[in-house]
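One file, start32.txt, is given below (compact mmCIF, C-alpha atoms and all ligand atoms).
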```
# COMPACT_ATOMS: atom_id res chain seq x y z
CA MET A 1 52.14 -1.05 -90.96
CA MET A 2 53.68 0.55 -87.93
CA ARG A 3 52.93 4.23 -87.23
CA ILE A 4 54.44 6.39 -84.53
CA ASP A 5 52.29 8.93 -82.72
CA CYS A 6 54.47 11.97 -82.07
CA ARG A 7 52.09 13.93 -79.85
CA ASN A 8 53.05 14.75 -76.30
CA ILE A 9 56.80 14.55 -76.55
CA SER A 10 58.24 16.33 -73.56
CA GLY A 11 61.88 17.02 -72.86
CA ASP A 12 64.70 16.16 -75.26
CA PRO A 13 63.14 14.56 -78.40
CA GLY A 14 66.39 12.67 -78.93
CA LYS A 15 65.69 10.68 -75.78
CA SER A 16 62.01 10.10 -76.56
CA GLU A 17 60.39 6.73 -77.07
CA GLN A 18 59.10 8.01 -80.42
CA VAL A 19 62.60 8.54 -81.79
CA ARG A 20 63.70 5.16 -80.48
CA LEU A 21 60.73 3.47 -82.18
CA ALA A 22 61.19 5.42 -85.41
CA HIS A 23 64.87 4.55 -85.56
CA ASP A 24 64.10 0.89 -84.94
CA CYS A 25 61.48 0.93 -87.72
CA LEU A 26 63.83 2.71 -90.11
CA VAL A 27 66.61 0.19 -89.51
CA LYS A 28 64.35 -2.87 -89.74
CA ASN A 29 61.78 -1.82 -92.33
CA GLY A 30 63.50 1.01 -94.19
CA TYR A 31 60.86 3.62 -93.43
CA ALA A 32 58.96 5.24 -90.58
CA ILE A 33 55.61 7.03 -90.58
CA LEU A 34 55.41 9.78 -88.01
CA ASP A 35 51.93 11.02 -87.09
CA HIS A 36 51.01 14.40 -85.60
CA VAL A 37 54.38 16.05 -86.09
CA PHE A 38 53.10 19.37 -87.49
CA PRO A 39 50.01 21.45 -86.74
CA GLU A 40 47.51 20.77 -89.52
CA ASP A 41 46.79 24.48 -90.11
CA LYS A 42 50.49 25.14 -90.70
CA ILE A 43 50.62 22.50 -93.44
CA ARG A 44 47.38 23.73 -95.03
CA ALA A 45 48.87 27.24 -95.10
CA LEU A 46 51.98 25.84 -96.79
CA ASN A 47 49.84 24.18 -99.44
CA CYS A 48 48.22 27.60 -100.14
CA GLU A 49 51.67 29.23 -100.23
CA PHE A 50 52.84 26.58 -102.67
CA HIS A 51 49.94 27.33 -105.00
CA GLU A 52 50.54 31.09 -104.78
CA GLN A 53 54.34 31.22 -104.96
CA TYR A 54 55.05 28.19 -107.11
CA ALA A 55 52.15 28.23 -109.58
CA LYS A 56 54.63 27.78 -112.43
CA TYR A 57 55.29 24.25 -111.18
CA ARG A 58 51.71 23.23 -111.84
CA GLN A 59 52.32 22.90 -115.57
CA ASP A 60 53.00 19.57 -117.24
CA ARG A 61 56.42 20.54 -118.58
CA GLU A 62 59.95 20.13 -117.30
CA LEU A 63 61.47 23.58 -116.67
CA ASP A 64 65.16 24.47 -116.41
CA ASP A 65 65.09 24.08 -112.64
CA THR A 66 62.83 21.01 -112.43
CA LEU A 67 63.19 17.33 -113.24
CA TRP A 68 60.60 15.04 -114.81
CA VAL A 69 60.31 12.01 -112.50
CA GLY A 70 57.28 10.33 -114.04
CA GLU A 71 54.17 11.05 -116.10
CA ARG A 72 52.88 14.46 -114.85
CA ARG A 73 55.27 14.31 -111.88
CA PHE A 74 58.20 16.71 -111.26
CA LEU A 75 60.95 17.32 -108.73
CA VAL A 76 60.98 21.07 -108.06
CA PRO A 77 63.13 23.37 -105.89
CA ILE A 78 61.60 25.16 -102.92
CA ASP A 79 63.27 28.23 -101.47
CA LEU A 80 64.21 28.18 -97.79
CA SER A 81 62.14 31.30 -97.18
CA GLY A 82 58.60 32.34 -96.23
CA GLY A 83 56.65 29.49 -94.67
CA PHE A 84 59.03 26.99 -96.28
CA GLY A 85 61.97 28.55 -94.45
CA ASP A 86 60.41 27.66 -91.11
CA PRO A 87 63.05 25.62 -89.23
CA SER A 88 60.35 23.41 -87.75
CA LEU A 89 60.16 21.87 -91.25
CA TYR A 90 63.79 21.27 -92.27
CA ALA A 91 65.22 21.23 -88.72
CA ASN A 92 62.35 19.71 -86.81
CA PRO A 93 63.84 18.66 -83.45
CA LEU A 94 62.24 15.21 -83.53
CA VAL A 95 63.25 14.54 -87.12
CA VAL A 96 66.78 15.89 -86.68
CA ALA A 97 67.23 13.69 -83.61
CA LEU A 98 66.12 10.70 -85.68
CA VAL A 99 68.34 11.66 -88.61
CA ARG A 100 71.40 12.10 -86.38
CA GLU A 101 70.73 8.71 -84.79
CA ALA A 102 70.20 6.96 -88.15
CA LEU A 103 73.00 8.70 -90.07
CA GLU A 104 75.54 10.60 -87.98
CA PRO A 105 75.68 13.69 -85.73
CA ASP A 106 77.12 15.69 -88.66
CA ALA A 107 74.27 14.78 -91.03
CA ILE A 108 73.33 17.50 -93.51
CA VAL A 109 70.30 18.73 -95.43
CA GLU A 110 71.50 17.77 -98.88
CA ALA A 111 68.44 18.94 -100.83
CA TYR A 112 65.09 20.62 -100.19
CA GLY A 113 62.20 20.79 -102.59
CA ALA A 114 58.95 19.13 -103.55
CA ILE A 115 57.79 16.29 -105.72
CA VAL A 116 54.66 17.53 -107.42
CA SER A 117 52.24 14.89 -108.70
CA LEU A 118 49.85 16.72 -110.97
CA SER A 119 46.25 15.67 -111.38
CA GLY A 120 46.31 12.67 -113.69
CA SER A 121 49.85 11.59 -112.82
CA THR A 122 50.20 7.88 -113.39
CA GLU A 123 51.96 5.13 -111.46
CA GLN A 124 55.64 5.90 -111.21
CA ASP A 125 58.32 3.33 -111.97
CA ILE A 126 59.54 1.44 -108.92
CA HIS A 127 62.87 2.91 -107.92
CA ARG A 128 65.40 3.62 -105.22
CA ASP A 129 66.23 7.28 -104.66
CA SER A 130 69.72 6.71 -106.03
CA PRO A 131 71.96 3.82 -107.01
CA VAL A 132 73.28 1.76 -104.09
CA LEU A 133 76.78 2.35 -102.78
CA PHE A 134 79.57 -0.05 -103.86
CA SER A 135 77.53 -3.03 -105.13
CA ASN A 136 74.25 -4.92 -104.72
CA ASP A 137 76.06 -7.43 -102.47
CA ILE A 138 77.55 -4.88 -100.13
CA ALA A 139 74.84 -2.19 -99.99
CA PRO A 140 72.26 -4.19 -97.96
CA LEU A 141 74.80 -4.71 -95.19
CA LEU A 142 75.53 -1.04 -94.70
CA PRO A 143 73.85 1.48 -92.44
CA ALA A 144 71.82 4.17 -94.18
CA HIS A 145 73.74 6.89 -96.00
CA ALA A 146 70.80 9.15 -96.90
CA LEU A 147 67.13 9.53 -96.02
CA THR A 148 64.18 11.12 -97.79
CA PHE A 149 61.90 12.97 -95.42
CA GLY A 150 58.49 13.77 -96.94
CA ILE A 151 55.83 16.13 -95.64
CA PRO A 152 52.61 15.85 -97.68
CA LEU A 153 50.95 19.21 -98.33
CA LEU A 154 47.84 17.33 -99.44
CA GLU A 155 46.86 14.11 -97.69
CA MET A 156 48.48 11.09 -99.29
CA ASN A 157 45.76 8.55 -99.95
CA GLU A 158 44.12 6.41 -102.61
CA LEU A 159 42.51 9.44 -104.35
CA HIS A 160 45.40 11.95 -104.30
CA GLY A 161 48.04 9.25 -104.58
CA THR A 162 50.62 8.18 -102.07
CA THR A 163 54.12 6.77 -101.95
CA ALA A 164 53.88 3.00 -102.18
CA ILE A 165 56.75 1.42 -100.28
CA PHE A 166 58.26 -2.05 -100.21
CA PRO A 167 59.07 -2.68 -96.53
CA LYS A 168 62.54 -4.09 -95.82
CA SER A 169 63.61 -3.60 -99.46
CA HIS A 170 66.56 -1.46 -98.33
CA ARG A 171 68.15 -4.84 -97.50
CA TRP A 172 67.42 -6.48 -100.85
CA LYS A 173 70.19 -7.28 -103.29
CA VAL A 174 67.70 -7.24 -106.16
CA PHE A 175 64.05 -6.32 -106.47
CA ASP A 176 61.66 -9.10 -105.35
CA GLN A 177 59.05 -9.36 -108.13
CA GLN A 178 56.66 -11.26 -105.81
CA ALA A 179 56.57 -8.49 -103.21
CA SER A 180 53.55 -6.27 -102.82
CA PRO A 181 53.89 -2.72 -101.57
CA GLN A 182 52.18 -0.96 -98.73
CA CYS A 183 50.31 2.22 -99.63
CA PRO A 184 50.13 4.38 -96.50
CA VAL A 185 47.58 7.07 -95.91
CA VAL A 186 49.59 10.02 -94.62
CA PRO A 187 47.29 12.76 -93.30
CA ILE A 188 48.08 16.46 -93.10
CA GLY A 189 50.46 16.98 -90.18
CA SER A 190 52.02 13.54 -90.52
CA CYS A 191 55.15 12.70 -92.45
CA VAL A 192 57.19 9.81 -93.75
CA ILE A 193 60.89 9.12 -93.82
CA TRP A 194 62.61 6.41 -95.82
CA ASP A 195 66.06 5.03 -96.46
CA PHE A 196 67.46 6.04 -99.88
CA ARG A 197 67.81 2.32 -100.68
CA LEU A 198 64.11 1.52 -100.17
CA PHE A 199 62.19 0.53 -103.31
CA HIS A 200 59.11 2.71 -103.73
CA ARG A 201 56.91 4.49 -106.30
CA GLY A 202 54.44 7.34 -106.40
CA THR A 203 50.89 6.12 -107.10
CA PRO A 204 48.43 7.83 -109.48
CA ASN A 205 46.83 11.13 -108.54
CA ARG A 206 43.17 10.59 -109.43
CA SER A 207 42.01 13.87 -107.93
CA ASP A 208 41.75 17.22 -109.69
CA MET A 209 44.39 18.84 -107.45
CA PRO A 210 48.19 18.67 -107.59
CA ARG A 211 49.75 16.74 -104.71
CA PRO A 212 52.96 18.46 -103.55
CA LEU A 213 55.17 16.33 -101.30
CA LEU A 214 57.62 18.67 -99.59
CA TYR A 215 60.88 16.80 -99.04
CA ALA A 216 64.27 17.19 -97.43
CA THR A 217 67.11 14.84 -98.24
CA TYR A 218 69.26 14.21 -95.17
CA ALA A 219 72.61 12.64 -95.78
CA ARG A 220 75.95 11.77 -94.28
CA ARG A 221 78.16 14.80 -94.75
CA TRP A 222 80.23 13.29 -97.57
CA TYR A 223 77.25 12.20 -99.68
CA GLN A 224 75.75 13.92 -102.69
CA ASP A 225 72.71 12.52 -104.52
CA PRO A 226 74.13 11.57 -107.93
CA VAL A 227 70.92 11.21 -109.95
CA ASN A 228 68.27 13.77 -109.12
CA PHE A 229 70.25 16.92 -109.95
CA VAL A 230 71.70 16.05 -113.31
CA LYS A 231 71.09 19.47 -114.91
CA ALA A 232 73.39 22.39 -114.14
CA THR A 233 70.31 24.61 -113.95
CA GLN A 234 68.84 22.66 -111.04
CA ARG A 235 69.54 23.62 -107.42
CA ARG A 236 69.67 21.25 -104.46
CA LEU A 237 69.13 24.08 -101.97
CA THR A 238 67.99 27.63 -102.59
CA PHE A 239 68.06 30.40 -99.99
CA GLY A 240 68.42 34.16 -99.75
CA PRO A 241 71.35 36.18 -98.38
CA ALA A 242 69.89 36.43 -94.87
CA PHE A 243 69.24 32.72 -94.45
CA PHE A 244 72.46 31.83 -92.62
CA GLU A 245 72.44 34.95 -90.46
CA GLY A 246 69.28 33.84 -88.72
CA LEU A 247 70.37 30.27 -88.05
CA THR A 248 71.34 28.90 -84.65
CA ASP A 249 74.65 27.01 -84.55
CA ASP A 250 72.84 23.71 -84.29
CA ARG A 251 70.73 24.40 -87.39
CA ARG A 252 73.71 25.79 -89.27
CA LYS A 253 75.41 22.42 -88.73
CA LEU A 254 72.83 20.92 -91.09
CA PHE A 255 74.31 23.09 -93.85
CA SER A 256 77.99 22.69 -92.93
CA HIS A 257 78.76 21.36 -96.43
CA ILE A 258 77.89 24.56 -98.28
CA ASP A 259 79.36 28.01 -98.68
CA PRO A 260 77.30 30.46 -96.59
CA SER A 261 78.41 33.52 -98.59
CA PRO A 262 75.46 35.73 -99.58
CA ALA A 263 74.96 34.64 -103.18
CA ALA A 264 75.88 31.00 -102.65
CA GLU A 265 73.57 28.29 -103.79
CA SER A 266 74.37 24.65 -104.15
O1 LIG A 301 55.13 11.00 -105.56
C1 LIG A 301 55.47 10.34 -104.58
O2 LIG A 301 54.73 10.11 -103.62
C2 LIG A 301 56.83 9.76 -104.51
C3 LIG A 301 57.73 10.25 -105.61
C4 LIG A 301 59.05 9.60 -105.57
O3 LIG A 301 59.25 8.63 -104.91
C5 LIG A 301 60.16 10.12 -106.35
O4 LIG A 301 59.97 10.92 -107.26
O5 LIG A 301 61.31 9.72 -106.03
```
Write out the structure in this file as structure tokens.
Amino acid sequence: MMRIDCRNISGDPGKSEQVRLAHDCLVKNGYAILDHVFPEDKIRALNCEFHEQYAKYRQDRELDDTLWVGERRFLVPIDLSGGFGDPSLYANPLVVALVREALEPDAIVEAYGAIVSLSGSTEQDIHRDSPVLFSNDIAPLLPAHALTFGIPLLEMNELHGTTAIFPKSHRWKVFDQQASPQCPVVPIGSCVIWDFRLFHRGTPNRSDMPRPLLYATYARRWYQDPVNFVKATQRRLTFGPAFFEGLTDDRRKLFSHIDPSPAAES
């Protein structure tokens, strides 16, 4: 399994060897694992913030604003504020360069939240993040239309669970029953990005702690995830009135699809 060490990037990340390698891996294999992107203490602090601010998401029950995505596993919204509003997470220069290369320069942050695998969560069903575009014959030929970017707040491993991925499956017309997945260890500070078409599944959390996987969905500007926000009470992005005021033009471009008026949420 290929991993890309993202330490020591100097100059424009968009021109770095790491982004070139990650893009190549994403196109060929449907995923990329990026090591040493974030300081470990920052991610540990986010895990603490998650437990303090989002304690209600540690219960085994779907709430109005969450979605059940497997036994003891939920998709939850995370507000673009506090530590989670840090642009180095949703607008990380390296990741944005990769996203713009893989999708388009106008790519957007379509959703931001976490997938929380509670202690005792079981193996998730194998799935793609949404149905393919057009048809099973056409979809494998297309470039990516959306990417899931995951930042583990607790190391992803055999004990806590990880995201098992089927390399190259973004190019499959149908699921290959003979294929075996790869189960990456993704330490604190590392992250993973995969093509929406890639077959994958969350693996069981055998530890006594919840495993939050902070995620951002990046997409071509015209795309909206049609399956993970089926309830009117769910929100793809949540932010306070001051969020847009503080954004640089380049970061604001990532939200060009939404109404920046104070109370707006999408
Ligand atoms: O829990 C994980 O690691 C992955 C979850 C996932 O793939 C999903 O809910 O779409």
- Using only C-alpha atoms, which residues sit within 6 Å of stretch 78-82 of chain A once same-chain residues fewer than 5 positions away are excluded, as a PyMOL selection string? chain A and resi 113+238-239
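Around ligand LIG 301 (chain A), using only C-alpha atoms and all ligand atoms and a cut-off of 7 Å, the residues in contact are Val69, Leu75, Ile115, Val116, Ser117, Asp129, Gly161, Thr162, Thr163, His200, Arg201, Gly202, Thr203 and Leu213 of chain A.
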Could you dump the residues just selected with C-alpha atoms as a short mmCIF file (atom, residue, chain, number, x, y, z; two decimals), keeping the file's coordinate frame?
```
data_model
loop_
_atom_site.label_atom_id
_atom_site.label_comp_id
_atom_site.auth_asym_id
_atom_site.auth_seq_id
_atom_site.Cartn_x
_atom_site.Cartn_y
_atom_site.Cartn_z
CA VAL A 69 60.31 12.01 -112.50
CA LEU A 75 60.95 17.32 -108.73
CA ILE A 115 57.79 16.29 -105.72
CA VAL A 116 54.66 17.53 -107.42
CA SER A 117 52.24 14.89 -108.70
CA ASP A 129 66.23 7.28 -104.66
CA GLY A 161 48.04 9.25 -104.58
CA THR A 162 50.62 8.18 -102.07
CA THR A 163 54.12 6.77 -101.95
CA HIS A 200 59.11 2.71 -103.73
CA ARG A 201 56.91 4.49 -106.30
CA GLY A 202 54.44 7.34 -106.40
CA THR A 203 50.89 6.12 -107.10
CA LEU A 213 55.17 16.33 -101.30
#
```
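Pairwise distance (atom CA of A:Ile151, atom CA of A:His127) equals 19.4 Å.
Of note, atom CA of A:Val109 and atom CA of A:Ile188 are spaced 22.5 Å apart.
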- Residue nearest A:Glu104 among A:Pro241, A:Pro184, A:Gly150, A:Pro143 (counting all atoms listed in the file): A:Pro143
